[in-house]
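*Asks:* My file is input24.cif. It has mmCIF, N, CA and C atoms:
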data_data
loop_
_atom_site.label_atom_id
_atom_site.label_comp_id
_atom_site.auth_asym_id
_atom_site.auth_seq_id
_atom_site.Cartn_x
_atom_site.Cartn_y
_atom_site.Cartn_z
N MET W 14 -1.34 3.28 12.40
CA MET W 14 -1.24 3.70 11.01
C MET W 14 -1.46 2.50 10.08
N LYS W 15 -0.95 1.33 10.48
CA LYS W 15 -1.15 0.14 9.64
C LYS W 15 -2.64 -0.19 9.56
N ALA W 16 -3.34 -0.04 10.66
CA ALA W 16 -4.78 -0.33 10.69
C ALA W 16 -5.53 0.66 9.79
N ARG W 17 -5.08 1.89 9.76
CA ARG W 17 -5.71 2.91 8.92
C ARG W 17 -5.56 2.55 7.44
N GLU W 18 -4.39 2.04 7.07
CA GLU W 18 -4.16 1.63 5.68
C GLU W 18 -5.05 0.45 5.30
N VAL W 19 -5.24 -0.48 6.23
CA VAL W 19 -6.11 -1.63 5.98
C VAL W 19 -7.54 -1.16 5.78
N LYS W 20 -7.95 -0.21 6.60
CA LYS W 20 -9.29 0.36 6.50
C LYS W 20 -9.48 1.05 5.13
N ARG W 21 -8.47 1.79 4.70
CA ARG W 21 -8.54 2.45 3.38
C ARG W 21 -8.64 1.43 2.26
N ALA W 22 -7.87 0.36 2.35
CA ALA W 22 -7.88 -0.67 1.31
C ALA W 22 -9.27 -1.30 1.20
N LYS W 23 -9.91 -1.55 2.34
CA LYS W 23 -11.26 -2.12 2.33
C LYS W 23 -12.25 -1.16 1.68
N MET W 24 -12.11 0.13 1.99
CA MET W 24 -13.03 1.12 1.44
C MET W 24 -12.84 1.28 -0.06
N VAL W 25 -11.60 1.23 -0.52
CA VAL W 25 -11.31 1.32 -1.96
C VAL W 25 -11.96 0.15 -2.68
N ALA W 26 -11.84 -1.04 -2.12
CA ALA W 26 -12.43 -2.23 -2.72
C ALA W 26 -13.96 -2.13 -2.74
N LYS W 27 -14.52 -1.60 -1.68
CA LYS W 27 -15.98 -1.49 -1.56
C LYS W 27 -16.57 -0.57 -2.63
N TYR W 28 -15.92 0.56 -2.87
CA TYR W 28 -16.44 1.57 -3.79
C TYR W 28 -15.87 1.49 -5.20
N GLU W 29 -15.06 0.48 -5.49
CA GLU W 29 -14.38 0.38 -6.78
C GLU W 29 -15.36 0.37 -7.96
N ALA W 30 -16.38 -0.47 -7.89
CA ALA W 30 -17.34 -0.57 -8.99
C ALA W 30 -18.13 0.72 -9.15
N LYS W 31 -18.54 1.31 -8.03
CA LYS W 31 -19.32 2.55 -8.08
C LYS W 31 -18.50 3.69 -8.67
N ARG W 32 -17.22 3.79 -8.27
CA ARG W 32 -16.34 4.83 -8.81
C ARG W 32 -16.17 4.68 -10.32
N LYS W 33 -16.00 3.43 -10.75
CA LYS W 33 -15.82 3.17 -12.18
C LYS W 33 -17.05 3.60 -12.97
N GLN W 34 -18.23 3.27 -12.45
CA GLN W 34 -19.48 3.62 -13.12
C GLN W 34 -19.66 5.14 -13.18
N LEU W 35 -19.38 5.83 -12.09
CA LEU W 35 -19.52 7.29 -12.06
C LEU W 35 -18.53 7.96 -13.01
N LYS W 36 -17.34 7.42 -13.12
CA LYS W 36 -16.35 7.99 -14.03
C LYS W 36 -16.76 7.81 -15.49
N GLU W 37 -17.33 6.64 -15.81
CA GLU W 37 -17.79 6.39 -17.18
C GLU W 37 -18.92 7.34 -17.56
N ASN W 38 -19.81 7.63 -16.59
CA ASN W 38 -20.93 8.53 -16.84
C ASN W 38 -20.55 9.99 -16.68
N LYS W 39 -19.31 10.25 -16.29
CA LYS W 39 -18.78 11.59 -16.06
C LYS W 39 -19.64 12.38 -15.08
N ASP W 40 -20.10 11.69 -14.04
CA ASP W 40 -20.89 12.32 -12.99
C ASP W 40 -19.94 12.70 -11.85
N TYR W 41 -19.26 13.82 -12.02
CA TYR W 41 -18.23 14.22 -11.08
C TYR W 41 -18.79 14.72 -9.76
N GLU W 42 -20.00 15.24 -9.76
CA GLU W 42 -20.61 15.70 -8.51
C GLU W 42 -20.87 14.52 -7.58
N ALA W 43 -21.40 13.43 -8.13
CA ALA W 43 -21.65 12.23 -7.32
C ALA W 43 -20.33 11.60 -6.89
N LEU W 44 -19.33 11.69 -7.74
CA LEU W 44 -18.01 11.14 -7.42
C LEU W 44 -17.40 11.88 -6.23
N GLN W 45 -17.61 13.18 -6.16
CA GLN W 45 -17.08 13.97 -5.05
C GLN W 45 -17.78 13.67 -3.73
N LYS W 46 -19.01 13.17 -3.80
CA LYS W 46 -19.77 12.88 -2.58
C LYS W 46 -19.37 11.55 -1.94
N LEU W 47 -18.58 10.75 -2.66
CA LEU W 47 -18.08 9.50 -2.08
C LEU W 47 -17.07 9.83 -0.99
N PRO W 48 -16.85 8.92 -0.05
CA PRO W 48 -15.84 9.18 1.00
C PRO W 48 -14.44 9.39 0.40
N ARG W 49 -13.67 10.24 1.04
CA ARG W 49 -12.31 10.52 0.53
C ARG W 49 -11.45 9.27 0.47
N ASN W 50 -11.57 8.42 1.47
CA ASN W 50 -10.73 7.23 1.53
C ASN W 50 -11.14 6.17 0.52
N ALA W 51 -12.19 6.42 -0.25
CA ALA W 51 -12.60 5.48 -1.29
C ALA W 51 -11.72 5.65 -2.54
N SER W 52 -10.91 6.68 -2.56
CA SER W 52 -10.03 6.93 -3.70
C SER W 52 -8.73 6.13 -3.55
N PRO W 53 -8.35 5.36 -4.58
CA PRO W 53 -7.12 4.56 -4.47
C PRO W 53 -5.85 5.40 -4.38
N VAL W 54 -5.92 6.68 -4.75
CA VAL W 54 -4.75 7.56 -4.69
C VAL W 54 -4.32 7.80 -3.25
N ARG W 55 -5.24 7.70 -2.32
CA ARG W 55 -4.93 7.98 -0.92
C ARG W 55 -4.23 6.82 -0.22
N MET W 56 -4.15 5.67 -0.85
CA MET W 56 -3.46 4.53 -0.25
C MET W 56 -1.94 4.74 -0.36
N HIS W 57 -1.22 4.21 0.61
CA HIS W 57 0.23 4.37 0.64
C HIS W 57 0.85 3.03 1.02
N ASN W 58 1.90 2.64 0.33
CA ASN W 58 2.59 1.39 0.67
C ASN W 58 3.31 1.54 2.00
N ARG W 59 3.17 0.54 2.85
CA ARG W 59 3.84 0.55 4.14
C ARG W 59 4.48 -0.80 4.40
N CYS W 60 5.53 -0.80 5.19
CA CYS W 60 6.20 -2.03 5.59
C CYS W 60 5.21 -2.91 6.35
N LYS W 61 5.15 -4.18 5.98
CA LYS W 61 4.19 -5.09 6.61
C LYS W 61 4.57 -5.42 8.05
N ILE W 62 5.82 -5.21 8.41
CA ILE W 62 6.28 -5.55 9.75
C ILE W 62 6.25 -4.33 10.68
N THR W 63 6.87 -3.23 10.24
CA THR W 63 6.98 -2.06 11.10
C THR W 63 5.97 -0.97 10.80
N GLY W 64 5.42 -0.96 9.59
CA GLY W 64 4.48 0.09 9.20
C GLY W 64 5.17 1.34 8.68
N ARG W 65 6.48 1.27 8.46
CA ARG W 65 7.24 2.43 7.97
C ARG W 65 6.79 2.80 6.56
N PRO W 66 6.47 4.09 6.33
CA PRO W 66 5.95 4.49 5.03
C PRO W 66 7.02 4.77 3.97
N LYS W 67 8.23 5.06 4.41
CA LYS W 67 9.27 5.42 3.44
C LYS W 67 10.28 4.29 3.29
N GLY W 68 10.94 4.25 2.15
CA GLY W 68 11.95 3.22 1.90
C GLY W 68 11.32 1.85 1.69
N TYR W 69 10.13 1.83 1.08
CA TYR W 69 9.38 0.59 0.88
C TYR W 69 9.92 -0.17 -0.34
N MET W 70 10.18 -1.46 -0.18
CA MET W 70 10.65 -2.29 -1.28
C MET W 70 9.49 -3.16 -1.74
N ARG W 71 8.96 -2.85 -2.91
CA ARG W 71 7.75 -3.50 -3.41
C ARG W 71 7.91 -5.01 -3.58
N GLN W 72 9.08 -5.43 -4.02
CA GLN W 72 9.34 -6.85 -4.29
C GLN W 72 9.18 -7.71 -3.02
N PHE W 73 9.53 -7.13 -1.87
CA PHE W 73 9.48 -7.88 -0.62
C PHE W 73 8.35 -7.44 0.30
N GLY W 74 7.81 -6.25 0.09
CA GLY W 74 6.71 -5.75 0.91
C GLY W 74 7.15 -5.22 2.26
N ILE W 75 8.45 -4.93 2.39
CA ILE W 75 8.98 -4.41 3.66
C ILE W 75 9.87 -3.20 3.38
N SER W 76 10.20 -2.47 4.44
CA SER W 76 11.05 -1.29 4.28
C SER W 76 12.51 -1.71 4.13
N ARG W 77 13.33 -0.80 3.67
CA ARG W 77 14.75 -1.08 3.44
C ARG W 77 15.47 -1.42 4.75
N VAL W 78 15.06 -0.79 5.85
CA VAL W 78 15.69 -1.03 7.14
C VAL W 78 15.39 -2.46 7.61
N THR W 79 14.13 -2.85 7.53
CA THR W 79 13.72 -4.20 7.93
C THR W 79 14.36 -5.23 7.01
N PHE W 80 14.42 -4.90 5.72
CA PHE W 80 15.03 -5.81 4.74
C PHE W 80 16.48 -6.09 5.10
N ARG W 81 17.21 -5.04 5.44
CA ARG W 81 18.63 -5.20 5.77
C ARG W 81 18.82 -6.05 7.02
N GLU W 82 18.00 -5.80 8.03
CA GLU W 82 18.09 -6.59 9.26
C GLU W 82 17.81 -8.06 9.00
N MET W 83 16.75 -8.33 8.24
CA MET W 83 16.35 -9.70 7.95
C MET W 83 17.37 -10.40 7.05
N ALA W 84 17.93 -9.66 6.08
CA ALA W 84 18.93 -10.25 5.19
C ALA W 84 20.21 -10.62 5.95
N ASN W 85 20.62 -9.75 6.87
CA ASN W 85 21.82 -10.03 7.67
C ASN W 85 21.63 -11.24 8.58
N LYS W 86 20.41 -11.47 9.02
CA LYS W 86 20.12 -12.63 9.88
C LYS W 86 19.86 -13.89 9.07
N GLY W 87 19.76 -13.73 7.75
CA GLY W 87 19.54 -14.88 6.87
C GLY W 87 18.09 -15.32 6.82
N LEU W 88 17.17 -14.40 7.07
CA LEU W 88 15.75 -14.73 7.11
C LEU W 88 15.08 -14.64 5.73
N ILE W 89 15.77 -14.04 4.76
CA ILE W 89 15.21 -13.91 3.41
C ILE W 89 15.96 -14.87 2.50
N PRO W 90 15.28 -15.91 1.99
CA PRO W 90 15.97 -16.90 1.16
C PRO W 90 16.48 -16.30 -0.15
N GLY W 91 17.70 -16.68 -0.50
CA GLY W 91 18.30 -16.24 -1.77
C GLY W 91 18.95 -14.89 -1.73
N VAL W 92 18.93 -14.21 -0.59
CA VAL W 92 19.54 -12.90 -0.47
C VAL W 92 20.80 -13.01 0.38
N THR W 93 21.92 -12.61 -0.22
CA THR W 93 23.20 -12.64 0.51
C THR W 93 23.84 -11.26 0.42
N LYS W 94 24.71 -11.00 1.35
CA LYS W 94 25.42 -9.73 1.35
C LYS W 94 26.49 -9.76 0.25
N ALA W 95 26.51 -8.71 -0.53
CA ALA W 95 27.48 -8.64 -1.63
C ALA W 95 28.86 -8.31 -1.08
N SER W 96 29.88 -8.97 -1.65
CA SER W 96 31.26 -8.63 -1.29
C SER W 96 32.14 -8.87 -2.52
N TRP W 97 33.06 -7.96 -2.76
CA TRP W 97 33.95 -8.10 -3.93
C TRP W 97 35.33 -7.60 -3.64
#
As a first step, turn the structure in this file into structure tokens.
*Replies:*
Amino acid sequence: MKAREVKRAKMVAKYEAKRKQLKENKDYEALQKLPRNASPVRMHNRCKITGRPKGYMRQFGISRVTFREMANKGLIPGVTKASW
């Protein structure tokens, strides 16, 4: 699944200029003929370590589960467990 997301990201980058041009010219028929994965809407954020699609923390680029494990082990600088 992680490889699929990388493939989508490459395709989005490849067709970015062409999509922009077709949108400006309002040529929707030609826009529909582009590959589906060329649309940036189809991309999904995934954990860089596990590939988990849900519970993604944008600031760190990892899922909440991985974040918690790494924070408890002290692998993320500046992050400590809260206690009061």
*Asks:* Any chance you could list, as an MDAnalysis selection string, the residues in chain W that come up alpha helix (DSSP H) when DSSP is run on the backbone?
*Replies:* chainID W and resid 15:37 41:45 77:86
*Asks:* For Gly68 of chain W, list every protein, DNA or RNA residue within 6.5 Å, evaluated using all atoms listed in the file, and leave out those in the same chain fewer than 5 positions away; present the list as a list in words.
*Replies:*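 Here the answer would be Ile75, Ser76, Arg77 and Val78 of chain W.
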*Asks:* Can you turn the PyMOL selection byres ((chain W and resi 74) around 6) into a concrete residue list for this file, as a list in words?
*Replies:*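 Those residues are Arg59, Cys60, Lys61, Met70, Arg71, Gln72, Phe73, Ile75 and Ser76 of chain W.
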*Asks:* Could you tell me, as a list in words, exactly which residues end up selected when the PyMOL selection byres ((chain W and resi 15) around 8) is applied to this structure?
*Replies:*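 Selected by the PyMOL selection byres ((chain W and resi 15) around 8) here: Met14, Ala16, Arg17, Glu18, Val19, Lys20, Arg21, Arg59, Cys60, Thr63, Gly64 and Arg65 of chain W.
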*Asks:* What is the distance, in Å and to one decimal place, between atom N of Arg81 of chain W and atom C of Pro66 of chain W?
*Replies:*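 Separation between atom N of Arg81 of chain W and atom C of Pro66 of chain W: 14.2 Å.
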*Asks:* What does the distance between atom C of Lys46 of chain W and atom C of Ala30 of chain W come to in Å, to one decimal place?
*Replies:*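 Taking atom C of Lys46 of chain W as the start and atom C of Ala30 of chain W as the end point, the length is 13.1 Å.
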*Asks:* Name every residue that the PyMOL selection byres (((chain W and resi 47 and name CA) around 12) and name CA) selects in this structure, writing the answer as a ChimeraX atom specification with chains first and numbers rising.
*Replies:* /W:24-25,27-29,31-32,35,40-46,48-52
*Asks:* Ranking W:Met83, W:Ala26, W:Leu88, W:Ala95 by minimum distance to Pro53 of chain W and counting only C-alpha atoms, which one comes first?
*Replies:*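 Smallest separation from Pro53 of chain W among the options: W:Ala26.
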*Asks:* Do you have the atom CA of Lys67 of chain W-atom CA of Ala84 of chain W distance handy?
*Replies:*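 Rounded to one decimal, the two atoms are 18.5 Å apart.
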